[in-house]
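Asks: Below is the structure I would like to discuss, written out as C-alpha cells.
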Amino acid sequence: MSEPAARPGHLTVRAGGRTRAFVPGDRVLVGRGAECDVVLVDARVSRRHLELRHDDGWVVRDLDTVNGTWHEDAPVTARPVGAGLAVRLGDPLDGPLVELVAVPAEDRSATGALDAHPAREPVPLGRHLTIGRGTGNTLVLDDPLVSREHARIVLGPRGHVVQDLGSANLTFVNGDCATRATLRDGDVLTCGRTRLVRIADRLHFLPRAAGAGLEAAGLAVLPAAHGEPLAPTLTLRLTGASLLAVVGPSGCGKSTLLRQLAGRRRPPAGRVRYESQDVHANAEVRTRIGYVPHEAAGHPRLTVRQSVSYTAELRRPRDVGRAERAAAVRSALAETGLEDVADRRVSALDEDRRRRLGIACELITDPSLLLVDEPLAGLDPGRAREMTRLLRGLADTGRQVVLATREPGGLDGCDSVLVLAPGAQEAYHGPPSGLRHRFVSTAWADVFEGLATVAEARSDLIAEVPAAPPPPPAATPAGAVVRDPAVRRRALRDARVLMRRRLRLMAADPAATALMALVVPLLVLLALAVADDSGLAVPGAGARRVLVVLVVGVAAAAALPAARDLATERLLYGQERAAGLLPESYLLAKVAVSGGLAAAQAVLAVFLLRALRPGPSGSVLLGLPTVEIAVALAVTALACTLLGMAVAVYVPGPEWALPAVTAATALQLPLCGGLVPLAGEPLLAGPAVLVPARWGFAALAVTVDLGRGAASPDTLWRHGAGTWTLCVLVLAAQGCAAAFLTLRRLRR
C-alpha cells in the first residue's frame, strides 16, 4: 500500500458506472440516500454509508454502517486512500464496488484525464498481462525507457504477481525495485515514466502532475555545530521548467546539497521530495534524476561518441535498435554542443567539454531533473556564460536544472539563485535581480568574504559526524540475478557491453597492451634463467625454482592489472551503479576479461616453457602432465585476479590499490612454500593457507612429484590425484570467497 499523498490532490471516484471528481475541501458522501454525492441504489448500502475527506491526504471512513465497508475481505473503519483504493459496500464479495484514484492537485486537467483519453482507460488485469514497448503486449507504452518486453503480471494462487522481464530500467512496486512481487490493491507499479495503480482488478494510470517538481523541506545539509541544538535548514521548491543556481564559497555544502537532492546522500534532517515522492525512500523516482559530479566523466582513451554510446547501451533498453540508439547519442551530443569533437578522445578534451560530456551521458535517459556540480569551475568568463546558456537551454526544454558553483557568472539567465554561507546557511534565495539589494557589493569576492565573516561566529566547528549511509541505488536486490532468469539475462547482456568496452580500451592503449603481451615471454625467460637442463623432468632444486617463478609471476600478472582497472574506474562505476548497473554485471565482465587474460597467459607460459625444456614424466589425474600444470596455474591466475579485485575495492582510495595489491603479491613469495620450507614452521604455515600461491605451488609440486627425495617434504606435495584435487578446489574456494567479498563491496 502506498503512502497517502502529502500534498492536496484531486480525487476521482468511480462507482455504479459513473465517475465523479472532487477537490480538497469537499466532504464526499457515498450511500443510498439522495443527498449523497455518489448515490448507489443497493439494499446493502446504508443511506449514508461512506465519507471521503481530505486530511493530509484523502481518507475513507465508514459511517458506522450495518453491513460495513470492506477492503480485500477486511472491514474498513478509516483508511488512507493513498494513490488509489477499491472498497466494497455492504458485502466483502459482491457488494457495490467503489474505486478511488488520488491525483495531485497541480494537474488541473487530470480529473477527467482517466476517461478523456483512450490510452488512459483502466486496463483489466485478467489472468495474464504483459507490459512493454512492443505492439504485441497487452499494455503498450510508447516510452524509450520501457523495454520491448518490460514486465508481466500473472494471476497466481495468492493473487496477481508482477515480474520484471530483464528490463533495462527496471520495474518498481511502490518505489522499490521488484524482480518478482505480489501486486495488491493500492500498489503503484512503475515502468519507465509510466505510473499505474492497481485498484480492484484493473490498472489505473496515474497522471503526472504538471506543476510537481523538486521540494526540500527543513533540509539540514550539514550536521549541527558543536553547542548548537539544530543545524541550519533550507527550504526549496522548483516547479515547472526552471534553472536554479546554488552559489557559495568552497566547503559551504553545495556538493553535499546536490548529492542529497539526487538521493545519493541522506541528510541529517529534513526530507527531499520529487514529483511528490521521497527520493531517499523511493528508488523509482531516483531513476528520473540525472546527477553530474564535478569529476571528469568517461574513459580517457575512448572517444566522446564511444563514451556516450556505451552509456546508451547500458542505460537504454537492449531491444532498442542500433539506429534508434545512435540517434539518441547524436541528440545528446547536439544538445551539449559536442558534435564537432565526437570523434576526439576524452583525454584530449578541455575542462569545458569534459563537463559537457558528463551532461551528455545523463541526457541519454532524458531525466526530468538534472543536477550539475561545479560546471563553471576553471572556465573563463566567456566559456562560463556558454555553459550557463547550455543549462538554460536544457531547462527551456521542460527540465528542472540545478547547478552548483563557487565561480558565479552569467546568473541573469537563471530563474533563481540560492546563496549559501559557510555551514550551509541560507544567505539569499530569490531571483537574480534581488542580489544587488541583498548584498552591499556586487563583486562575488566581497560577497564571499562577507559571508565568511558573518559565519565565523557560528563556526565553532561543524561536528564531524559521519554522514548517514546513502540509500541503495535503483538496482536489483542482492541475489536476484541468481534467482530470476530474466534478471540473469539482463546481467549477462550488461556484462557483454562492459567486456566490449574493456577490450576497446585495451586496443586504444597500445603501450599497456604491449606490456601485457610481454608478460609471457618475460616469465618464460626468467624461468629458463633459474632452470637447469632437466627442466621439470627431475624433481629437484631447479624444478622448484621454476615453479616459484611461474606461480609468483602469474600471481603478480593477474592481480595487478585487475586492481588497477577497478581503482581507475571507481568514480565511473559509482555513476553507473547509481544509474542502475548491476554489480554482478560489472564483476562478471572484469573476471571474464582480466581473469581470462591472466589464465591465458598462464597456459601459454606453461606450453612455451614445455617446448623449451623437458616436463614431468607422468600426471596424477588429467593424463597429460603439461595440461595438468597448465590447468592448475590457470586456476591460480583466476584466484589471484579475484584477490586483487577484492583488495582494490576495500582500500580507502584508488591511490592505495596498487601498493596494497603489490604488498599482497610480494607476501605470497615467502608463503608459497617453494622458497621457504613450510614443514615444521607453524608461524608461516598457518597464514600460508590463506594465499592462492600456496595452493597453486602445491598443485604444481604434486604433478612434478617435488616431494620425492626432498629433505623436508611438504604434506601438500604428495604425488596423488586426491592432493592435486584438494589444491585446485581450495583455489576455487578462495576465488569464490574473494568474488563474494568484492561483490558485497560493489553492492554498497
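FYI, nothing fancy with the C-alpha cells labels: chains A, B, ... in order, residues from 1 per chain, ligands from 1 as they appear.
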Can you tell me, as a list in words, what residues are no more than 7 Å from segment 660-667 of chain A when counting only C-alpha atoms, ignoring any on the same chain fewer than 4 positions away?
Replies: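 Once the adjacent positions are removed, what remains is Ala555, Ala556, Ala559, Leu560, Gly644, Val647, Trp656 and Leu671 of chain A.
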Asks: Pull the helix (DSSP H, G or I) assignments for segment 79-263 of chain A out of DSSP run on the backbone, and list those residues as a list in words.
Replies: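 Here is the list: Ala110, Thr111, Gly112, Ala113, Leu114, Asp115, Ala116, Pro118, Ala119, Arg120, Lys254, Ser255, Thr256, Leu257, Leu258, Arg259, Gln260 and Leu261 of chain A.
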Asks: Counting only C-alpha atoms, what is within 12 Å of Val279 of chain A, bar same-chain residues fewer than 2 positions away, as a ChimeraX atom specification?
Replies: /A:175-176,213-216,259-267,270-277,281-289,369,470-474
Asks: Find the residues around Arg613 of chain A up to 7 Å (only C-alpha atoms counted), leave out those fewer than 2 positions away in its own chain, and share them as a ChimeraX atom specification.
Replies: /A:534-535,609-611,615
Asks: Which residue gives the smallest distance to Ser307 of chain A among A:Arg79, A:Arg564, A:Arg501, A:Arg184, with only C-alpha atoms counted?
Replies: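 Looking only at the distances to Ser307 of chain A, the closest residue turns out to be A:Arg501.
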Asks: Could you check how far atom CA of Leu93 of chain A sits from atom CA of Val59 of chain A, in Å to one decimal?
Replies: 22.3 Å
Asks: Name the closest residue to Ala200 of chain A among the candidates A:Leu716, A:Leu125, A:Leu141, A:Ala701; distances are taken between atoms, counting only C-alpha atoms.
Replies: A:Leu125
Asks: What's the separation between atom CA of Gly686 of chain A and atom CA of Gln668 of chain A, in Å to one decimal place?
Replies: 12.9 Å
Asks: Could you jot down the atom CA of Thr179 of chain A to atom CA of His160 of chain A separation for me, Å, one decimal place?
Replies: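 We find that atom CA of Thr179 of chain A and atom CA of His160 of chain A lie 13.9 Å from each other.
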Asks: Would you mind writing down, as an MDAnalysis selection string, each residue of segment 177-286 of chain A that DSSP on the backbone assigns to strand (DSSP E)?
Replies: chainID A and resid 177 180:182 188:191 194:199 202:205 214:220 233:238 242:247 269:274 277:278
Asks: Counting only C-alpha atoms, figure out which residue out of A:Gly434, A:Asp352, A:Pro249, A:His204 gets nearest to Asp446 of chain A.
Replies: A:Pro249
Asks: Please provide as a list in words all residues within 12 Å of Leu435 of chain A, with the sequence filter that same-chain residues fewer than 3 positions apart are discarded (counting only C-alpha atoms).
Replies: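 Answer for this query is Val247, Leu411, Asp412, Ser416, Val417, Leu418, Val419, Ala427, Tyr428, His429, Gly430, Pro431, Pro432, Arg438, Phe439, Val440, Ser441, Thr442, Ala443, Trp444 and Val447 of chain A.
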Asks: Find the residues around Glu628 of chain A up to 12 Å (only C-alpha atoms counted), leave out those fewer than 6 positions away in its own chain, and share them as a list in words.
Replies: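 Counting only C-alpha atoms, the residues come to Val603, Val606, Phe607, Gly615, Pro616, Ser617, Gly618, Ser619, Val620, Leu621, Leu622, Ala634, Val635, Gly696, Ala699, Leu700, Ala701, Val702, Thr703, Val704, Ala721, Trp724, Thr725 and Val728 of chain A.
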Asks: What's the 9 Å shell around Thr77 of chain A, counting only C-alpha atoms, without same-chain residues fewer than 4 positions away, as number ranges by chain?
Replies: A: 60-64, 68-70
